[in-house]
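To be precise, the following lines are input_3.csv, and they hold CSV, C-alpha atoms.
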chain,number,residue,atom,x,y,z
P,18,GLY,CA,22.8,-50.1,10.7
P,19,VAL,CA,20.3,-51.7,13.1
P,20,LEU,CA,16.7,-53.0,12.7
P,21,PHE,CA,14.4,-53.0,15.6
P,22,ARG,CA,10.7,-53.3,16.5
P,23,SER,CA,9.1,-50.5,18.4
P,24,ALA,CA,5.6,-49.4,19.3
P,25,PRO,CA,4.5,-46.0,20.5
P,26,TRP,CA,2.3,-47.5,23.2
P,27,ILE,CA,1.2,-50.9,24.5
P,28,PRO,CA,-0.2,-53.3,23.2
P,29,ALA,CA,2.4,-54.8,20.8
P,30,ASP,CA,-0.2,-54.9,18.0
P,31,ASN,CA,1.0,-51.4,17.3
P,32,GLU,CA,4.6,-52.5,16.6
P,33,ASP,CA,6.4,-51.4,13.4
P,34,LEU,CA,9.9,-52.2,12.1
P,35,TYR,CA,12.5,-49.3,12.1
P,36,TYR,CA,16.0,-48.9,10.7
P,37,SER,CA,18.7,-46.7,12.0
P,38,ASP,CA,22.3,-46.1,10.7
P,39,GLY,CA,23.2,-43.9,13.7
P,40,THR,CA,22.4,-40.6,12.0
P,41,GLU,CA,19.0,-41.4,10.5
P,42,THR,CA,16.1,-43.5,11.7
P,43,PHE,CA,13.1,-44.3,9.5
P,44,GLN,CA,10.1,-46.6,9.7
P,45,VAL,CA,10.4,-49.7,7.4
P,46,THR,CA,7.0,-51.3,7.6
P,47,LEU,CA,3.7,-50.0,6.2
P,48,ARG,CA,0.7,-51.6,7.8
P,49,ALA,CA,-3.1,-51.3,7.4
P,50,PRO,CA,-5.0,-50.4,10.6
P,51,ASP,CA,-6.1,-54.0,11.1
P,52,GLU,CA,-2.7,-55.5,10.3
P,53,ARG,CA,-0.1,-56.8,12.8
P,54,LEU,CA,3.6,-57.2,12.3
P,55,GLU,CA,4.5,-60.9,13.1
P,56,SER,CA,8.2,-61.4,12.1
P,57,PHE,CA,11.0,-60.3,9.8
P,58,ALA,CA,14.2,-61.7,8.3
P,59,VAL,CA,17.2,-60.1,6.7
P,60,ALA,CA,19.2,-61.2,3.6
P,61,PRO,CA,22.8,-61.8,4.8
P,62,ASP,CA,24.5,-60.3,1.7
P,63,ALA,CA,22.2,-57.3,0.9
P,64,PRO,CA,20.1,-54.7,2.7
P,65,VAL,CA,16.9,-56.6,1.8
P,66,VAL,CA,14.2,-57.4,4.5
P,67,PHE,CA,11.3,-59.7,4.3
P,68,TYR,CA,8.5,-59.2,6.8
P,69,GLN,CA,5.2,-61.0,7.6
P,70,THR,CA,2.0,-59.5,8.8
P,71,THR,CA,-1.3,-60.9,9.9
P,72,ARG,CA,-4.5,-59.4,8.6
P,73,ASN,CA,-7.9,-60.9,9.5
P,74,THR,CA,-5.9,-64.0,10.7
P,75,ASP,CA,-4.2,-64.5,7.3
P,76,ARG,CA,-0.5,-64.0,6.8
P,77,TRP,CA,1.0,-61.7,4.2
P,78,LEU,CA,4.6,-61.5,3.0
P,79,PHE,CA,6.4,-58.3,1.9
P,80,PRO,CA,9.9,-57.5,0.7
P,81,ILE,CA,11.8,-54.2,1.3
P,82,ASP,CA,15.0,-53.0,-0.2
P,83,LEU,CA,16.4,-50.5,2.4
P,84,ARG,CA,18.2,-48.7,-0.4
P,85,GLN,CA,14.8,-47.9,-1.9
P,86,ARG,CA,12.8,-47.7,1.3
P,87,PHE,CA,9.8,-49.6,0.0
P,88,LEU,CA,9.2,-51.9,-3.0
P,89,GLY,CA,5.4,-51.6,-2.7
P,90,ARG,CA,4.5,-55.2,-3.4
P,91,THR,CA,3.4,-58.4,-1.8
P,92,PHE,CA,4.0,-62.1,-2.8
P,93,GLY,CA,0.4,-63.0,-3.8
P,94,ILE,CA,-2.9,-62.2,-2.2
P,95,PRO,CA,-4.2,-64.8,0.2
P,96,THR,CA,-7.5,-66.3,-0.9
P,97,ALA,CA,-7.8,-68.8,1.9
P,98,HIS,CA,-6.7,-69.2,5.5
P,99,PRO,CA,-3.8,-69.1,6.6
P,100,GLY,CA,-2.2,-67.2,3.8
P,101,VAL,CA,1.6,-67.4,3.4
P,102,THR,CA,2.8,-70.2,5.7
P,103,GLU,CA,6.4,-70.7,4.6
P,104,PHE,CA,9.1,-68.6,2.8
P,105,ALA,CA,12.8,-68.7,2.1
P,106,PHE,CA,15.2,-66.4,0.1
P,107,SER,CA,18.6,-66.3,-1.4
P,108,ALA,CA,21.6,-64.6,0.2
P,109,ASP,CA,21.2,-61.4,-1.8
P,110,GLY,CA,17.4,-61.4,-1.4
P,111,SER,CA,16.8,-61.4,-5.2
P,112,LYS,CA,15.1,-64.8,-5.2
P,113,VAL,CA,12.3,-66.0,-2.9
P,114,ALA,CA,10.1,-69.0,-2.5
P,115,TRP,CA,6.9,-69.1,-0.5
P,116,VAL,CA,3.9,-71.3,0.2
P,117,LEU,CA,0.5,-69.7,-0.5
P,118,ASP,CA,-2.9,-71.4,-0.8
P,119,GLY,CA,-1.3,-74.9,-0.9
P,120,ARG,CA,1.2,-74.1,-3.7
P,121,LEU,CA,4.9,-73.7,-3.7
P,122,ASN,CA,5.9,-70.5,-5.6
P,123,PHE,CA,9.3,-69.2,-6.7
P,124,MET,CA,10.2,-65.7,-8.0
P,125,ASP,CA,13.4,-64.1,-9.3
P,126,ILE,CA,12.8,-60.5,-8.5
P,127,GLY,CA,16.3,-59.5,-9.5
P,128,ALA,CA,16.1,-60.7,-13.1
P,129,THR,CA,15.8,-58.2,-15.9
P,130,THR,CA,12.4,-59.8,-16.7
P,131,GLU,CA,10.8,-60.9,-13.4
P,132,VAL,CA,10.4,-64.7,-13.3
P,133,HIS,CA,7.6,-66.4,-11.3
P,134,ARG,CA,7.2,-70.2,-11.2
P,135,ASP,CA,4.7,-72.5,-9.7
P,136,LEU,CA,6.8,-75.4,-8.3
P,137,GLY,CA,3.9,-77.7,-7.4
P,138,SER,CA,1.8,-78.7,-4.5
P,139,ALA,CA,3.0,-77.7,-1.0
P,140,ALA,CA,0.8,-80.2,0.9
P,141,ASP,CA,3.8,-82.2,2.1
P,142,ILE,CA,6.2,-79.3,2.7
P,143,ARG,CA,7.5,-77.8,5.9
P,144,ASN,CA,10.5,-75.6,6.9
P,145,LEU,CA,11.6,-74.2,3.6
P,146,PHE,CA,15.3,-73.5,3.2
P,147,MET,CA,17.0,-71.9,0.2
P,148,ASN,CA,20.7,-72.2,-0.8
P,149,PRO,CA,22.6,-68.9,-1.1
P,150,SER,CA,22.4,-68.7,-4.9
P,151,GLY,CA,18.7,-69.4,-5.0
P,152,THR,CA,19.0,-72.4,-7.3
P,153,ARG,CA,17.8,-75.1,-4.8
P,154,LEU,CA,15.3,-75.5,-2.1
P,155,PHE,CA,15.4,-77.9,0.9
P,156,PHE,CA,12.4,-78.9,3.0
P,157,ASN,CA,10.9,-81.4,5.4
P,158,GLY,CA,8.6,-83.9,3.8
P,159,LEU,CA,6.8,-87.2,4.5
P,160,ILE,CA,4.7,-85.4,7.1
P,161,THR,CA,2.8,-87.9,9.3
P,162,ALA,CA,-0.4,-87.3,11.3
P,163,PRO,CA,-1.4,-86.5,14.0
P,164,MET,CA,1.8,-84.9,15.3
P,165,LEU,CA,2.8,-83.6,11.8
P,166,ASN,CA,6.4,-84.8,12.3
P,167,SER,CA,8.7,-85.1,9.3
P,168,ARG,CA,10.3,-88.4,8.4
P,169,ALA,CA,12.9,-87.1,5.9
P,170,LEU,CA,14.5,-84.1,4.1
P,171,PHE,CA,14.1,-83.3,0.4
P,172,SER,CA,15.7,-81.0,-2.2
P,173,LEU,CA,14.1,-79.4,-5.2
P,174,SER,CA,15.6,-77.3,-8.1
P,175,THR,CA,14.0,-73.8,-8.4
P,176,ALA,CA,14.4,-74.1,-12.2
P,177,GLY,CA,11.2,-76.0,-12.3
P,178,GLY,CA,10.3,-79.2,-14.2
P,179,SER,CA,11.8,-81.6,-11.7
P,180,LEU,CA,10.6,-83.7,-8.8
P,181,PRO,CA,11.8,-83.4,-5.2
P,182,GLN,CA,14.7,-85.7,-4.3
P,183,GLN,CA,15.0,-87.4,-0.9
P,184,ILE,CA,18.4,-86.7,0.7
P,185,THR,CA,18.1,-88.3,4.2
P,186,PRO,CA,16.9,-91.7,5.3
P,187,THR,CA,13.3,-92.2,6.2
P,188,VAL,CA,12.9,-92.4,10.0
P,189,ALA,CA,10.4,-94.5,11.9
P,190,PRO,CA,6.8,-93.1,12.0
P,191,ALA,CA,7.1,-92.2,15.7
P,192,ASP,CA,10.5,-90.4,15.2
P,193,SER,CA,11.2,-87.1,13.6
P,194,THR,CA,13.6,-85.4,11.2
P,195,GLY,CA,14.3,-81.8,12.0
P,196,PRO,CA,14.7,-78.9,9.6
P,197,VAL,CA,18.0,-77.8,7.9
P,198,ASN,CA,20.3,-76.2,10.5
P,199,TYR,CA,23.1,-75.2,8.2
P,200,LEU,CA,24.4,-75.7,4.7
P,201,ALA,CA,28.2,-75.6,4.1
P,202,ARG,CA,29.4,-72.9,1.8
P,203,ASP,CA,30.5,-75.4,-0.8
P,204,GLU,CA,27.1,-77.2,-0.3
P,205,GLY,CA,28.9,-80.5,0.3
P,206,ARG,CA,27.5,-80.8,3.8
P,207,LEU,CA,24.0,-80.2,5.1
P,208,TYR,CA,23.4,-80.4,8.9
P,209,TYR,CA,20.1,-81.4,10.5
P,210,SER,CA,18.8,-83.3,13.5
P,211,VAL,CA,16.9,-86.6,14.2
P,212,SER,CA,14.8,-87.2,17.3
P,213,ASP,CA,13.6,-90.5,18.7
P,214,ALA,CA,12.6,-91.8,22.1
P,215,SER,CA,16.2,-91.7,23.4
P,216,GLY,CA,16.8,-88.0,22.5
P,217,SER,CA,18.0,-85.9,19.6
P,218,ARG,CA,21.2,-86.2,17.4
P,219,HIS,CA,22.8,-83.7,15.1
P,220,MET,CA,23.5,-85.2,11.7
P,221,GLY,CA,25.4,-84.3,8.6
P,222,VAL,CA,25.0,-85.5,5.0
P,223,ASP,CA,26.2,-84.7,1.5
P,224,PRO,CA,22.9,-83.6,-0.1
P,225,ASP,CA,24.0,-84.9,-3.5
P,226,ILE,CA,25.0,-88.4,-2.2
P,227,PRO,CA,22.2,-90.1,-0.2
P,228,GLY,CA,23.6,-92.6,2.3
P,229,THR,CA,26.5,-90.4,3.5
P,230,GLU,CA,24.9,-89.3,6.7
P,231,PHE,CA,27.0,-89.2,9.9
P,232,THR,CA,26.6,-88.2,13.5
P,233,VAL,CA,27.9,-84.7,14.4
P,234,LEU,CA,26.8,-84.7,18.1
P,235,ASP,CA,24.9,-87.3,20.0
P,236,GLY,CA,22.4,-85.3,21.9
P,237,THR,CA,21.1,-88.4,23.8
P,238,THR,CA,24.1,-87.8,26.2
P,239,THR,CA,25.0,-84.1,25.6
P,240,SER,CA,22.2,-81.9,24.2
P,241,VAL,CA,23.3,-78.6,22.5
P,242,SER,CA,21.3,-76.8,19.9
P,243,MET,CA,22.9,-75.9,16.6
P,244,ARG,CA,22.6,-72.1,16.5
P,245,GLN,CA,25.5,-71.0,14.2
P,246,PHE,CA,28.8,-72.1,12.7
P,247,THR,CA,32.1,-70.3,12.7
P,248,GLN,CA,33.5,-69.0,9.4
P,249,ASP,CA,35.8,-71.9,8.9
P,250,GLU,CA,32.9,-74.3,9.7
P,251,THR,CA,34.9,-76.4,12.2
P,252,VAL,CA,32.9,-75.3,15.2
P,253,PHE,CA,29.2,-74.6,15.9
P,254,TRP,CA,27.6,-73.2,19.1
P,255,GLY,CA,24.3,-73.3,20.7
P,256,GLY,CA,22.3,-73.6,23.9
P,257,ARG,CA,21.1,-76.3,26.3
P,258,VAL,CA,18.4,-76.2,28.9
P,259,ALA,CA,19.4,-79.1,31.3
P,260,PRO,CA,20.7,-79.3,34.0
P,261,ARG,CA,20.4,-75.5,33.6
P,262,GLU,CA,20.4,-72.9,30.8
P,263,ASP,CA,23.9,-72.6,29.3
P,264,PHE,CA,25.7,-72.2,26.0
P,265,ALA,CA,28.4,-74.4,24.5
P,266,SER,CA,30.7,-74.6,21.5
P,267,VAL,CA,31.1,-77.9,19.7
P,268,LEU,CA,34.1,-79.0,17.7
P,269,VAL,CA,32.6,-80.8,14.7
P,270,GLY,CA,33.5,-84.5,14.6
P,271,ASN,CA,31.9,-87.9,14.6
P,272,PRO,CA,30.7,-87.3,17.2
P,273,GLY,CA,31.7,-83.7,18.2
P,274,THR,CA,33.2,-82.4,21.4
P,275,PRO,CA,31.3,-79.8,23.4
P,276,THR,CA,32.8,-77.1,25.6
P,277,LEU,CA,30.6,-75.1,28.1
P,278,LEU,CA,31.0,-71.3,27.7
P,279,THR,CA,28.7,-69.9,30.4
P,280,ALA,CA,29.1,-72.3,33.4
P,281,ASP,CA,30.7,-69.7,35.7
P,282,THR,CA,27.8,-67.2,35.9
P,283,PRO,CA,24.6,-67.3,38.1
P,284,ASN,CA,21.7,-69.5,37.0
P,285,GLY,CA,19.6,-66.8,35.5
P,286,THR,CA,18.0,-66.4,32.1
P,287,ILE,CA,20.3,-65.8,29.1
P,288,TRP,CA,18.6,-63.1,27.1
P,289,GLY,CA,21.0,-63.2,24.1
P,290,ALA,CA,24.2,-64.8,22.8
P,291,GLU,CA,26.5,-64.2,19.9
P,292,MET,CA,29.9,-65.4,18.6
P,293,THR,CA,32.3,-63.7,16.3
P,294,ALA,CA,32.6,-65.2,12.9
P,295,ASP,CA,36.2,-66.4,13.5
P,296,GLY,CA,35.1,-68.1,16.8
P,297,SER,CA,37.6,-66.0,18.9
P,298,ARG,CA,35.0,-64.4,21.2
P,299,PHE,CA,31.6,-65.3,22.6
P,300,TYR,CA,29.2,-62.7,24.1
P,301,TYR,CA,26.1,-63.2,26.1
P,302,ALA,CA,23.6,-61.4,28.4
P,303,ARG,CA,22.5,-63.1,31.6
P,304,ALA,CA,20.3,-62.1,34.4
P,305,ASP,CA,20.9,-62.9,38.1
P,306,PHE,CA,19.1,-65.4,40.3
P,307,ASN,CA,16.1,-63.1,40.5
P,308,GLN,CA,15.8,-62.7,36.7
P,309,GLN,CA,17.0,-59.1,37.1
P,310,ASN,CA,20.1,-57.0,36.4
P,311,SER,CA,21.1,-58.7,33.2
P,312,ARG,CA,24.7,-58.1,32.3
P,313,LEU,CA,26.9,-58.5,29.2
P,314,TYR,CA,29.8,-61.0,29.3
P,315,SER,CA,32.7,-61.8,27.0
P,316,VAL,CA,34.3,-65.2,26.8
P,317,ASP,CA,37.4,-66.7,25.1
P,318,PRO,CA,36.1,-70.1,23.9
P,319,ALA,CA,39.6,-71.5,24.1
P,320,ALA,CA,39.7,-70.8,27.8
P,321,PRO,CA,36.1,-70.2,28.9
P,322,VAL,CA,36.0,-67.5,31.7
P,323,SER,CA,33.1,-65.0,31.7
P,324,VAL,CA,34.4,-61.4,31.9
P,325,PRO,CA,31.8,-58.6,32.4
P,326,ILE,CA,31.8,-55.9,29.8
P,327,ALA,CA,32.2,-52.5,31.4
P,328,ILE,CA,29.4,-50.7,29.6
P,329,PRO,CA,27.8,-47.6,31.4
P,330,PRO,CA,25.4,-48.5,34.2
P,331,VAL,CA,21.9,-49.5,32.9
P,332,ALA,CA,19.1,-47.6,34.7
P,333,SER,CA,16.7,-50.5,34.4
P,334,LEU,CA,15.5,-53.2,36.8
P,335,HIS,CA,15.9,-55.8,34.1
P,336,GLY,CA,19.3,-54.6,32.7
P,337,ILE,CA,20.1,-55.6,29.1
P,338,THR,CA,17.1,-57.4,27.6
P,339,SER,CA,18.6,-58.2,24.1
P,340,PHE,CA,21.7,-57.4,22.0
P,341,SER,CA,23.1,-58.0,18.5
P,342,LEU,CA,26.8,-58.2,17.5
P,343,ALA,CA,28.0,-56.5,14.3
P,344,PRO,CA,29.1,-58.9,11.5
P,345,GLY,CA,32.8,-57.9,12.0
P,346,GLY,CA,32.5,-58.2,15.8
P,347,GLU,CA,33.8,-54.6,16.4
P,348,ASN,CA,30.6,-53.3,18.1
P,349,LEU,CA,27.3,-54.4,19.4
P,350,VAL,CA,23.8,-52.9,19.8
P,351,TYR,CA,21.9,-53.6,23.0
P,352,ALA,CA,18.4,-52.8,24.3
P,353,THR,CA,17.1,-52.0,27.8
P,354,ASN,CA,13.6,-51.8,29.2
P,355,ASP,CA,13.2,-49.0,31.8
P,356,GLN,CA,10.2,-50.4,33.6
P,357,VAL,CA,7.7,-48.0,35.2
P,358,ILE,CA,5.8,-49.4,38.1
P,359,ALA,CA,2.8,-47.5,39.7
P,360,PRO,CA,0.2,-48.6,42.2
P,361,GLY,CA,-2.8,-50.2,40.5
P,362,VAL,CA,-1.3,-49.8,37.0
P,363,PRO,CA,0.2,-52.6,34.9
P,364,ALA,CA,4.0,-52.3,34.6
P,365,THR,CA,5.0,-50.7,31.3
P,366,GLY,CA,8.4,-50.1,29.8
P,367,LEU,CA,10.2,-47.6,27.7
P,368,GLY,CA,12.6,-49.5,25.4
P,369,LYS,CA,15.9,-47.8,24.7
P,370,VAL,CA,18.6,-48.9,22.2
P,371,TYR,CA,22.3,-48.2,22.3
P,372,TYR,CA,25.5,-49.3,20.5
P,373,VAL,CA,29.0,-49.5,21.9
P,374,TYR,CA,32.4,-50.0,20.3
P,375,LEU,CA,33.9,-53.1,22.1
P,376,SER,CA,37.3,-51.4,22.0
P,377,ASN,CA,35.8,-48.7,24.2
P,378,PRO,CA,32.7,-50.1,25.9
P,379,GLY,CA,32.6,-47.4,28.5
P,380,ILE,CA,30.8,-45.0,26.2
P,381,SER,CA,27.3,-45.9,24.9
P,382,HIS,CA,25.8,-44.2,21.9
P,383,PRO,CA,22.0,-43.9,21.8
P,384,VAL,CA,20.1,-45.2,18.8
P,385,LYS,CA,16.5,-44.9,20.2
P,386,GLN,CA,15.4,-43.1,23.4
Would you encode the structure as structure tokens?
Amino acid sequence: GVLFRSAPWIPADNEDLYYSDGTETFQVTLRAPDERLESFAVAPDAPVVFYQTTRNTDRWLFPIDLRQRFLGRTFGIPTAHPGVTEFAFSADGSKVAWVLDGRLNFMDIGATTEVHRDLGSAADIRNLFMNPSGTRLFFNGLITAPMLNSRALFSLSTAGGSLPQQITPTVAPADSTGPVNYLARDEGRLYYSVSDASGSRHMGVDPDIPGTEFTVLDGTTTSVSMRQFTQDETVFWGGRVAPREDFASVLVGNPGTPTLLTADTPNGTIWGAEMTADGSRFYYARADFNQQNSRLYSVDPAAPVSVPIAIPPVASLHGITSFSLAPGGENLVYATNDQVIAPGVPATGLGKVYYVYLSNPGISHPVKQ
């Protein structure tokens, strides 16, 4: 199935979240009239969605199990601005941690008897990250004013009764430690970044053995974001903005070796990018020099040549504005914006969503018209 945001009219304050499995489409979110949908995240191993809304400038957090349509609950009621500022959840969505009114909370909503724990003050916590089983939290700490940059990463057991453990070295006050980018499946390696005056470096560390940090990619010479890892965890891929917008794959090493994947297409905006789990194919949508006519491309990372995907012509000035690849890589969903331009009237668009089987991309199947 596919999740997408849609509004019956402009402005975007009217947006709601919808789910479609190709035969049925239903609205996922339930909002009060003065409530705005801000963001959503999906558990990787279960059809569970967490979404945040803003009501009277305060943030609320809701869970939804798509098998039950609606759980009818929220994680605490904000009593002070800004409400729920951080949250993280386990791979199956049964465990969740969140920051509300200055406290770090944890709940096991999948337990026979629901468990709720107060894990302490959240005054020095940023960028919550939970391991897949929900037994451990990671976060940025040692927050320094006035830039609110973090000087180290910490871990904390969700069982309660313990103190946070520092897992990365403390950087200089003017430098910054980034959030967790990725945790290996065996949890023996955690990846993050460190920034200083010379640039940014991707780092790795064993979170159970402080002092084991190593350089994954020296971004001071080659800057590539860490978007996602392949299934065997030997390669990650991400984007760069200089000397122009491009994407690259990086073979993990000390330091790693980057390979550009999008260098042979025009210097237009890249509206989306995805790689198959096994790293065998890379897909991206890129506009032309005029930021129009965005097309989908397929790339073999072993021999990077961008090949246009022959989907049906898109009746839109902008072309393909976003897309999402299925977990198995067999099909993808893409969106278009059929812009309507009239004299003296702001340009508006009618968003349409389709999916195609990559084995037969010449036929598009509508999801939303």
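Remark: for Leu268 of chain P, the closest of the candidate residues P:Val19, P:Ala214, P:Ala280, P:Leu234 is P:Leu234 (distances computed over all atoms listed in the file).
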From P:Pro224, P:Met243, P:Thr130, P:Phe67, residue lying nearest Leu173 of chain P [all atoms listed in the file]: P:Pro224
Segment 246-295 of chain P residues near segment 191-203 of chain P within 10 Å, closest pair each, using all atoms listed in the file, as a tab-separated table:
residue	atom	partner	partner_atom	distance
P:Phe246	CA	P:Tyr199	CA	7.9
P:Gln248	CA	P:Arg202	CA	9.5
P:Asp249	CA	P:Arg202	CA	9.6
P:Glu250	CA	P:Ala201	CA	7.4
P:Phe253	CA	P:Tyr199	CA	9.8
For each of P:Leu78, P:Val222, P:Ala259, P:Ala140, take the minimum atom-to-atom distance to Val113 of chain P, counting all atoms listed in the file, then give the residue where this is smallest. P:Leu78
As an exercise, work out the distance from atom CA of Asp62 of chain P to atom CA of Arg153 of chain P in Å and give it to one decimal place. 17.5 Å
Could you list as a compact mmCIF listing (two decimals) with C-alpha atoms, in the frame of the given file every residue that has an atom within 9 Å of (25.8, -65.8, 17.1), using the file's coordinates and counting all atoms listed in the file?
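And here is the file that came out, selection14.txt:
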# COMPACT_ATOMS: atom_id res chain seq x y z
CA ARG P 244 22.60 -72.10 16.50
CA GLN P 245 25.50 -71.00 14.20
CA PHE P 246 28.80 -72.10 12.70
CA THR P 247 32.10 -70.30 12.70
CA TRP P 254 27.60 -73.20 19.10
CA GLY P 255 24.30 -73.30 20.70
CA GLY P 289 21.00 -63.20 24.10
CA ALA P 290 24.20 -64.80 22.80
CA GLU P 291 26.50 -64.20 19.90
CA MET P 292 29.90 -65.40 18.60
CA THR P 293 32.30 -63.70 16.30
CA ALA P 294 32.60 -65.20 12.90
CA PHE P 299 31.60 -65.30 22.60
CA TYR P 300 29.20 -62.70 24.10
CA SER P 341 23.10 -58.00 18.50
CA LEU P 342 26.80 -58.20 17.50
Nearest to Thr353 of chain P, chosen from P:Asn73, P:Ser138, P:Asn310, P:Ser323, with all atoms listed in the file counted in the distances: P:Asn310
For Gly119 of chain P, find every residue with an atom within 9 Å (counting only C-alpha atoms), except residues of its own chain fewer than 2 positions away, and show them as a PyMOL selection string. chain P and resi 116-117+121+137-140
Would you please work out which residue, of P:Leu159, P:Leu170, P:Ala304, P:Ile380, is nearest to Leu145 of chain P when using all atoms listed in the file? P:Leu170
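With all atoms listed in the file as the atoms that count, the residue of P:Ile328, P:Val66, P:Val258, P:Val241 with the shortest distance to Tyr36 of chain P is P:Val66.
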